[in-house]
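Structure file data.pdb with PDB, C-alpha atoms:
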ATOM      1  CA  MET A   1     -12.470  -4.899   8.945  1.00  0.00           C
ATOM      2  CA  ASP A   2     -10.554  -3.761   5.843  1.00  0.00           C
ATOM      3  CA  ALA A   3     -11.621  -6.839   3.898  1.00  0.00           C
ATOM      4  CA  ARG A   4     -15.273  -6.363   4.832  1.00  0.00           C
ATOM      5  CA  VAL A   5     -15.134  -2.755   3.645  1.00  0.00           C
ATOM      6  CA  ALA A   6     -13.380  -3.785   0.422  1.00  0.00           C
ATOM      7  CA  ALA A   7     -16.009  -6.449  -0.251  1.00  0.00           C
ATOM      8  CA  CYS A   8     -18.693  -3.731  -0.187  1.00  0.00           C
ATOM      9  CA  HIS A   9     -16.932  -1.740  -2.937  1.00  0.00           C
ATOM     10  CA  PHE A  10     -18.079   1.592  -1.539  1.00  0.00           C
ATOM     11  CA  ASP A  11     -17.534   4.281  -4.166  1.00  0.00           C
ATOM     12  CA  TYR A  12     -18.896   7.443  -2.555  1.00  0.00           C
ATOM     13  CA  THR A  13     -15.820   9.556  -3.277  1.00  0.00           C
ATOM     14  CA  ASN A  14     -13.698  10.477  -6.261  1.00  0.00           C
ATOM     15  CA  LEU A  15     -10.813  11.442  -3.985  1.00  0.00           C
ATOM     16  CA  PRO A  16      -7.962   8.902  -4.041  1.00  0.00           C
ATOM     17  CA  SER A  17      -6.334   8.021  -0.747  1.00  0.00           C
ATOM     18  CA  ALA A  18      -2.890   9.414  -0.102  1.00  0.00           C
ATOM     19  CA  TYR A  19      -1.433   5.970  -0.851  1.00  0.00           C
ATOM     20  CA  CYS A  20      -3.253   5.346  -4.121  1.00  0.00           C
ATOM     21  CA  MET A  21      -0.881   4.496  -6.969  1.00  0.00           C
ATOM     22  CA  PHE A  22      -0.964   6.335 -10.304  1.00  0.00           C
ATOM     23  CA  GLU A  23      -3.100   9.154  -8.886  1.00  0.00           C
ATOM     24  CA  THR A  24      -1.976  12.197  -6.971  1.00  0.00           C
ATOM     25  CA  PHE A  25      -3.631  12.868  -3.622  1.00  0.00           C
ATOM     26  CA  ASP A  26      -3.714  16.595  -4.294  1.00  0.00           C
ATOM     27  CA  ALA A  27      -3.747  18.460  -7.607  1.00  0.00           C
ATOM     28  CA  SER A  28      -0.554  20.269  -6.595  1.00  0.00           C
ATOM     29  CA  ASP A  29       1.365  16.982  -6.186  1.00  0.00           C
ATOM     30  CA  GLU A  30       3.841  16.255  -8.950  1.00  0.00           C
ATOM     31  CA  TYR A  31       3.791  12.471  -8.341  1.00  0.00           C
ATOM     32  CA  ASP A  32       1.652   9.854  -6.684  1.00  0.00           C
ATOM     33  CA  GLU A  33       2.892   8.657  -3.274  1.00  0.00           C
ATOM     34  CA  THR A  34       4.555   5.509  -4.620  1.00  0.00           C
ATOM     35  CA  THR A  35       6.473   7.363  -7.314  1.00  0.00           C
ATOM     36  CA  LYS A  36       7.447  10.057  -4.819  1.00  0.00           C
ATOM     37  CA  ASP A  37       8.921   7.412  -2.489  1.00  0.00           C
ATOM     38  CA  ALA A  38      10.717   5.715  -5.370  1.00  0.00           C
ATOM     39  CA  GLN A  39      12.148   9.028  -6.524  1.00  0.00           C
ATOM     40  CA  LYS A  40      13.457   9.711  -2.993  1.00  0.00           C
ATOM     41  CA  TRP A  41      15.184   6.313  -3.075  1.00  0.00           C
ATOM     42  CA  LEU A  42      16.723   7.079  -6.463  1.00  0.00           C
ATOM     43  CA  ASP A  43      17.993  10.479  -5.324  1.00  0.00           C
ATOM     44  CA  ILE A  44      19.726   8.871  -2.335  1.00  0.00           C
ATOM     45  CA  ALA A  45      20.996   5.869  -4.317  1.00  0.00           C
ATOM     46  CA  ARG A  46      22.569   8.135  -6.920  1.00  0.00           C
ATOM     47  CA  THR A  47      24.803   9.607  -4.204  1.00  0.00           C
ATOM     48  CA  LEU A  48      26.496   6.214  -3.705  1.00  0.00           C
ATOM     49  CA  PRO A  49      30.047   5.692  -4.985  1.00  0.00           C
ATOM     50  CA  GLU A  50      30.385   5.320  -8.747  1.00  0.00           C
ATOM     51  CA  LYS A  51      30.950   1.558  -8.516  1.00  0.00           C
ATOM     52  CA  TYR A  52      27.213   1.212  -7.646  1.00  0.00           C
ATOM     53  CA  THR A  53      25.906   3.312 -10.547  1.00  0.00           C
ATOM     54  CA  ALA A  54      25.112   0.379 -12.841  1.00  0.00           C
ATOM     55  CA  GLN A  55      23.335  -1.475 -10.030  1.00  0.00           C
ATOM     56  CA  VAL A  56      21.300   1.591  -9.075  1.00  0.00           C
ATOM     57  CA  GLU A  57      20.258   2.160 -12.692  1.00  0.00           C
ATOM     58  CA  ARG A  58      19.351  -1.524 -13.091  1.00  0.00           C
ATOM     59  CA  ILE A  59      17.154  -1.411  -9.973  1.00  0.00           C
ATOM     60  CA  TRP A  60      15.526   1.843 -11.119  1.00  0.00           C
ATOM     61  CA  ASN A  61      14.839   0.485 -14.618  1.00  0.00           C
ATOM     62  CA  ASN A  62      13.353  -2.698 -13.124  1.00  0.00           C
ATOM     63  CA  TRP A  63      11.102  -0.542 -10.938  1.00  0.00           C
ATOM     64  CA  LEU A  64       9.996   1.532 -13.946  1.00  0.00           C
ATOM     65  CA  ARG A  65       9.305  -1.614 -15.973  1.00  0.00           C
ATOM     66  CA  ALA A  66       7.222  -3.154 -13.157  1.00  0.00           C
ATOM     67  CA  ARG A  67       5.342   0.130 -12.726  1.00  0.00           C
ATOM     68  CA  ARG A  68       4.475   0.273 -16.439  1.00  0.00           C
ATOM     69  CA  GLN A  69       3.161  -3.300 -16.304  1.00  0.00           C
ATOM     70  CA  LEU A  70       1.029  -2.601 -13.228  1.00  0.00           C
ATOM     71  CA  GLU A  71      -0.283   0.653 -14.686  1.00  0.00           C
ATOM     72  CA  LYS A  72      -1.911  -1.304 -17.529  1.00  0.00           C
ATOM     73  CA  ILE A  73      -4.244  -3.087 -15.104  1.00  0.00           C
ATOM     74  CA  TYR A  74      -4.289  -0.953 -11.961  1.00  0.00           C
ATOM     75  CA  HIS A  75      -7.512   0.902 -12.761  1.00  0.00           C
ATOM     76  CA  LEU A  76      -9.261  -2.416 -13.415  1.00  0.00           C
ATOM     77  CA  LEU A  77      -8.550  -3.690  -9.894  1.00  0.00           C
ATOM     78  CA  PRO A  78     -11.390  -3.582  -7.331  1.00  0.00           C
ATOM     79  CA  SER A  79     -11.322  -0.518  -5.128  1.00  0.00           C
ATOM     80  CA  SER A  80     -13.288   0.846  -2.222  1.00  0.00           C
ATOM     81  CA  VAL A  81     -13.087   3.757   0.215  1.00  0.00           C
ATOM     82  CA  PHE A  82     -10.608   3.349   3.053  1.00  0.00           C
ATOM     83  CA  GLN A  83      -9.482   5.336   6.054  1.00  0.00           C
ATOM     84  CA  ALA A  84      -5.874   5.118   4.741  1.00  0.00           C
ATOM     85  CA  ASP A  85      -4.175   5.828   8.065  1.00  0.00           C
ATOM     86  CA  ILE A  86      -5.330   2.950  10.219  1.00  0.00           C
ATOM     87  CA  ASN A  87      -3.419   2.769  13.483  1.00  0.00           C
ATOM     88  CA  ASP A  88      -4.106   2.354  17.177  1.00  0.00           C
ATOM     89  CA  THR A  89      -4.787   6.072  17.647  1.00  0.00           C
ATOM     90  CA  ASN A  90      -7.600   6.012  15.056  1.00  0.00           C
ATOM     91  CA  ILE A  91      -9.510   3.020  16.428  1.00  0.00           C
ATOM     92  CA  LEU A  92     -12.436   3.542  18.789  1.00  0.00           C
ATOM     93  CA  LEU A  93     -12.983   0.972  21.546  1.00  0.00           C
ATOM     94  CA  ASP A  94     -15.519   0.919  24.339  1.00  0.00           C
ATOM     95  CA  GLU A  95     -14.632   0.491  28.029  1.00  0.00           C
ATOM     96  CA  ASN A  96     -14.514  -3.299  27.484  1.00  0.00           C
ATOM     97  CA  GLY A  97     -12.064  -3.043  24.601  1.00  0.00           C
ATOM     98  CA  THR A  98     -14.717  -3.894  21.996  1.00  0.00           C
ATOM     99  CA  PHE A  99     -14.270  -2.315  18.568  1.00  0.00           C
ATOM    100  CA  LYS A 100     -16.731   0.522  17.990  1.00  0.00           C
ATOM    101  CA  GLY A 101     -15.414   2.437  14.996  1.00  0.00           C
ATOM    102  CA  VAL A 102     -12.698   4.275  13.127  1.00  0.00           C
ATOM    103  CA  TYR A 103     -12.086   7.999  12.778  1.00  0.00           C
ATOM    104  CA  ASP A 104      -9.529  10.469  11.326  1.00  0.00           C
ATOM    105  CA  PHE A 105     -10.285  10.257   7.619  1.00  0.00           C
ATOM    106  CA  ASN A 106      -8.070  13.214   6.701  1.00  0.00           C
ATOM    107  CA  ILE A 107      -6.071  11.073   4.250  1.00  0.00           C
ATOM    108  CA  GLY A 108      -8.895   8.658   3.489  1.00  0.00           C
ATOM    109  CA  GLY A 109     -10.301   8.073   0.048  1.00  0.00           C
ATOM    110  CA  ARG A 110     -10.729   5.579  -2.785  1.00  0.00           C
ATOM    111  CA  GLU A 111      -8.085   2.866  -2.909  1.00  0.00           C
ATOM    112  CA  VAL A 112      -7.353  -0.340  -4.800  1.00  0.00           C
ATOM    113  CA  TYR A 113      -7.721  -2.966  -2.076  1.00  0.00           C
ATOM    114  CA  ILE A 114      -4.677  -5.073  -2.928  1.00  0.00           C
ATOM    115  CA  ASN A 115      -2.502  -1.936  -2.800  1.00  0.00           C
ATOM    116  CA  TYR A 116      -4.062  -0.877   0.477  1.00  0.00           C
ATOM    117  CA  ILE A 117      -3.548  -4.200   2.201  1.00  0.00           C
ATOM    118  CA  VAL A 118       0.032  -4.696   0.982  1.00  0.00           C
ATOM    119  CA  ARG A 119       1.028  -1.169   2.008  1.00  0.00           C
ATOM    120  CA  GLN A 120      -0.867  -0.942   5.303  1.00  0.00           C
ATOM    121  CA  ALA A 121      -0.896  -4.484   6.697  1.00  0.00           C
ATOM    122  CA  PRO A 122       2.698  -4.625   7.918  1.00  0.00           C
ATOM    123  CA  TYR A 123       2.063  -1.630  10.153  1.00  0.00           C
ATOM    124  CA  VAL A 124      -1.169  -2.785  11.764  1.00  0.00           C
ATOM    125  CA  SER A 125      -0.869  -6.570  11.986  1.00  0.00           C
ATOM    126  CA  THR A 126       0.923  -6.493  15.320  1.00  0.00           C
ATOM    127  CA  ASN A 127       0.960  -4.607  18.578  1.00  0.00           C
ATOM    128  CA  ASP A 128       4.629  -3.772  17.985  1.00  0.00           C
ATOM    129  CA  ILE A 129       3.804  -1.646  14.939  1.00  0.00           C
ATOM    130  CA  TYR A 130       7.312  -0.875  13.690  1.00  0.00           C
ATOM    131  CA  ASP A 131       9.384  -3.384  15.624  1.00  0.00           C
ATOM    132  CA  GLY A 132      11.390  -5.665  13.390  1.00  0.00           C
ATOM    133  CA  LEU A 133      10.160  -4.353  10.019  1.00  0.00           C
ATOM    134  CA  GLU A 134      13.738  -4.062   8.815  1.00  0.00           C
ATOM    135  CA  GLU A 135      14.472  -7.699   9.686  1.00  0.00           C
ATOM    136  CA  ASP A 136      14.395 -10.365   6.981  1.00  0.00           C
ATOM    137  CA  ASP A 137      10.884 -11.462   6.023  1.00  0.00           C
ATOM    138  CA  VAL A 138       9.064  -9.594   8.836  1.00  0.00           C
ATOM    139  CA  PHE A 139       7.373  -7.174   6.427  1.00  0.00           C
ATOM    140  CA  LEU A 140       6.524  -9.991   3.996  1.00  0.00           C
ATOM    141  CA  ASN A 141       5.207 -12.262   6.742  1.00  0.00           C
ATOM    142  CA  ARG A 142       2.934  -9.505   8.032  1.00  0.00           C
ATOM    143  CA  VAL A 143       1.508  -8.960   4.536  1.00  0.00           C
ATOM    144  CA  ILE A 144       0.932 -12.702   4.102  1.00  0.00           C
ATOM    145  CA  HIS A 145      -0.728 -12.839   7.521  1.00  0.00           C
ATOM    146  CA  ALA A 146      -3.053  -9.955   6.577  1.00  0.00           C
ATOM    147  CA  LEU A 147      -3.904 -11.588   3.237  1.00  0.00           C
ATOM    148  CA  ASP A 148      -4.749 -14.845   5.015  1.00  0.00           C
ATOM    149  CA  ILE A 149      -7.092 -12.999   7.375  1.00  0.00           C
ATOM    150  CA  ALA A 150      -8.675 -11.013   4.533  1.00  0.00           C
ATOM    151  CA  LYS A 151      -9.382 -14.181   2.530  1.00  0.00           C
ATOM    152  CA  LYS A 152     -11.850 -15.233   5.226  1.00  0.00           C
ATOM    153  CA  VAL A 153     -14.282 -12.462   4.202  1.00  0.00           C
ATOM    154  CA  TYR A 154     -12.987 -11.142   0.870  1.00  0.00           C
ATOM    155  CA  SER A 155     -12.644 -12.970  -2.436  1.00  0.00           C
ATOM    156  CA  PHE A 156      -9.610 -11.761  -4.368  1.00  0.00           C
ATOM    157  CA  SER A 157     -10.286 -11.565  -8.100  1.00  0.00           C
ATOM    158  CA  ASP A 158      -8.051 -13.351 -10.597  1.00  0.00           C
ATOM    159  CA  LEU A 159      -6.712  -9.951 -11.666  1.00  0.00           C
ATOM    160  CA  GLU A 160      -5.843  -9.080  -8.050  1.00  0.00           C
ATOM    161  CA  LYS A 161      -4.060 -12.406  -7.679  1.00  0.00           C
ATOM    162  CA  ARG A 162      -2.032 -11.812 -10.851  1.00  0.00           C
ATOM    163  CA  SER A 163      -1.142  -8.237  -9.895  1.00  0.00           C
ATOM    164  CA  CYS A 164       0.018  -9.006  -6.373  1.00  0.00           C
ATOM    165  CA  PRO A 165       3.723  -9.726  -5.971  1.00  0.00           C
ATOM    166  CA  ILE A 166       2.830 -12.322  -3.345  1.00  0.00           C
ATOM    167  CA  THR A 167       0.941 -15.533  -3.999  1.00  0.00           C
ATOM    168  CA  ILE A 168      -2.585 -15.142  -2.632  1.00  0.00           C
TER     169      ILE A 168
END

In structure tokens, what does this structure look like?
Amino acid sequence: MDARVAACHFDYTNLPSAYCMFETFDASDEYDETTKDAQKWLDIARTLPEKYTAQVERIWNNWLRARRQLEKIYHLLPSSVFQADINDTNILLDENGTFKGVYDFNIGGREVYINYIVRQAPYVSTNDIYDGLEEDDVFLNRVIHALDIAKKVYSFSDLEKRSCPITI
């Protein structure tokens, strides 16, 4: 469903989704969601014993460098309008279990598709939504699985392929 929506490139809103990178969801937000999460990590990591300081700073500087590189092309990536909180409580099914729709667009908005699928896919590509996410490769395998499904109805652009940290 996500890939079919993305392929339409709906653009009927200027509001970014809550997960959109490089844009705040609300004018009062100091950072976009990704930067906010990264900053939380840094604040916690900086409380580690001093012997980890150089490693923490190296990781943070690598993150900043990657962010600067992505920022150069992010606004050129294809986007569409997404629900942004897809989960089993926001899916409408009929009495036969047939998909009928999606609701709860309170954090919906415009989103770069490759960001949306990488951030959301691990949480919706299984019935056991959060089970095993912390295990090696589970998160990555769920993203790859979602990308494989999406490729059936969505054509990733060369720019999307270059910007994604996973081979599409």

Write out as a PDB file with C-alpha atoms, keeping the file's coordinate frame the residues lying within 6 Å of range 138-145 of chain A, counting only C-alpha atoms and excluding same-chain residues fewer than 6 positions away.
ATOM      1  CA  VAL A 118       0.032  -4.696   0.982  1.00  0.00           C
ATOM      2  CA  ALA A 121      -0.896  -4.484   6.697  1.00  0.00           C
ATOM      3  CA  PRO A 122       2.698  -4.625   7.918  1.00  0.00           C
TER       4      PRO A 122
END

Matched chain/residue IDs from the PyMOL selection byres ((chain A and resi 91) around 7), as a PyMOL selection string: chain A and resi 87-90+92-93+101-103

Distance in Å - CA of Thr47 in chain A versus CA of Arg65 in chain A: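 Computing the Euclidean distance for CA of Thr47 in chain A and CA of Arg65 in chain A yields 22.5 Å.
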
Counting only C-alpha atoms, the option among A:Pro78, A:Gly97, A:Glu23, A:Glu111 closest to Phe156 in chain A: A:Pro78

CA of Ala146 in chain A to CA of Ile117 in chain A, distance in Å rounded to a single decimal: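 CA of Ile117 in chain A lies at a distance of 7.2 Å from CA of Ala146 in chain A.
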
Within 10 Å of file point (-10.3, -11.4, 4.3), counting all atoms listed in the file, expressed as a PyMOL selection string: chain A and resi 1-7+146-156

Go ahead and save the picked residues with C-alpha atoms, as a tab-separated table (two decimals), keeping the file's coordinate frame.
chain	number	residue	atom	x	y	z
A	1	MET	CA	-12.47	-4.90	8.94
A	2	ASP	CA	-10.55	-3.76	5.84
A	3	ALA	CA	-11.62	-6.84	3.90
A	4	ARG	CA	-15.27	-6.36	4.83
A	5	VAL	CA	-15.13	-2.76	3.64
A	6	ALA	CA	-13.38	-3.78	0.42
A	7	ALA	CA	-16.01	-6.45	-0.25
A	146	ALA	CA	-3.05	-9.96	6.58
A	147	LEU	CA	-3.90	-11.59	3.24
A	148	ASP	CA	-4.75	-14.84	5.01
A	149	ILE	CA	-7.09	-13.00	7.38
A	150	ALA	CA	-8.68	-11.01	4.53
A	151	LYS	CA	-9.38	-14.18	2.53
A	152	LYS	CA	-11.85	-15.23	5.23
A	153	VAL	CA	-14.28	-12.46	4.20
A	154	TYR	CA	-12.99	-11.14	0.87
A	155	SER	CA	-12.64	-12.97	-2.44
A	156	PHE	CA	-9.61	-11.76	-4.37

Output check: residues returned by the PyMOL selection byres ((chain A and resi 9-14) around 7), as an NGL selection string: :A and (5-8 or 15-16 or 79-81 or 109-110)

Long-range neighbours of Met21 in chain A as a PyMOL selection string, 7 Å cut-off, only C-alpha atoms, 4 positions minimum in chain: chain A and resi 32-34

Length of the CA of Tyr116 in chain A to CA of Asn61 in chain A vector [Å]: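 So the two atoms, CA of Tyr116 in chain A and CA of Asn61 in chain A, lie 24.2 Å apart.
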
Test item: residues at most 12 Å from Ala45 in chain A, only C-alpha atoms, excluding those fewer than 2 positions along its chain, as a PyMOL selection string: chain A and resi 38-43+47-60

Mind writing the picked residues with C-alpha atoms as a CSV table (one decimal), in the frame of the given file?
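Final file, out-v9.csv:
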chain,number,residue,atom,x,y,z
A,38,ALA,CA,10.7,5.7,-5.4
A,39,GLN,CA,12.1,9.0,-6.5
A,40,LYS,CA,13.5,9.7,-3.0
A,41,TRP,CA,15.2,6.3,-3.1
A,42,LEU,CA,16.7,7.1,-6.5
A,43,ASP,CA,18.0,10.5,-5.3
A,47,THR,CA,24.8,9.6,-4.2
A,48,LEU,CA,26.5,6.2,-3.7
A,49,PRO,CA,30.0,5.7,-5.0
A,50,GLU,CA,30.4,5.3,-8.7
A,51,LYS,CA,31.0,1.6,-8.5
A,52,TYR,CA,27.2,1.2,-7.6
A,53,THR,CA,25.9,3.3,-10.5
A,54,ALA,CA,25.1,0.4,-12.8
A,55,GLN,CA,23.3,-1.5,-10.0
A,56,VAL,CA,21.3,1.6,-9.1
A,57,GLU,CA,20.3,2.2,-12.7
A,58,ARG,CA,19.4,-1.5,-13.1
A,59,ILE,CA,17.2,-1.4,-10.0
A,60,TRP,CA,15.5,1.8,-11.1

Put a box with edges along x, y and z around all the listed atoms of range 141-160 of chain A, pad it by 5 Å on each side, then give me its centre and sizes in Å, one decimal, as AutoDock Vina command-line options.
--center_x -4.5 --center_y -12.1 --center_z -1.8 --size_x 29.5 --size_y 16.3 --size_z 29.7

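Among the candidates A:Ala27, A:Val112, A:Ala18, A:Ile44, the residue lying nearest to Leu76 in chain A is A:Val112 (atoms considered: only C-alpha atoms).
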
A:Gln83, A:Thr24, A:Ser163, A:Gln120 ranked by distance to Ile107 in chain A, top pick (using only C-alpha atoms): A:Gln83
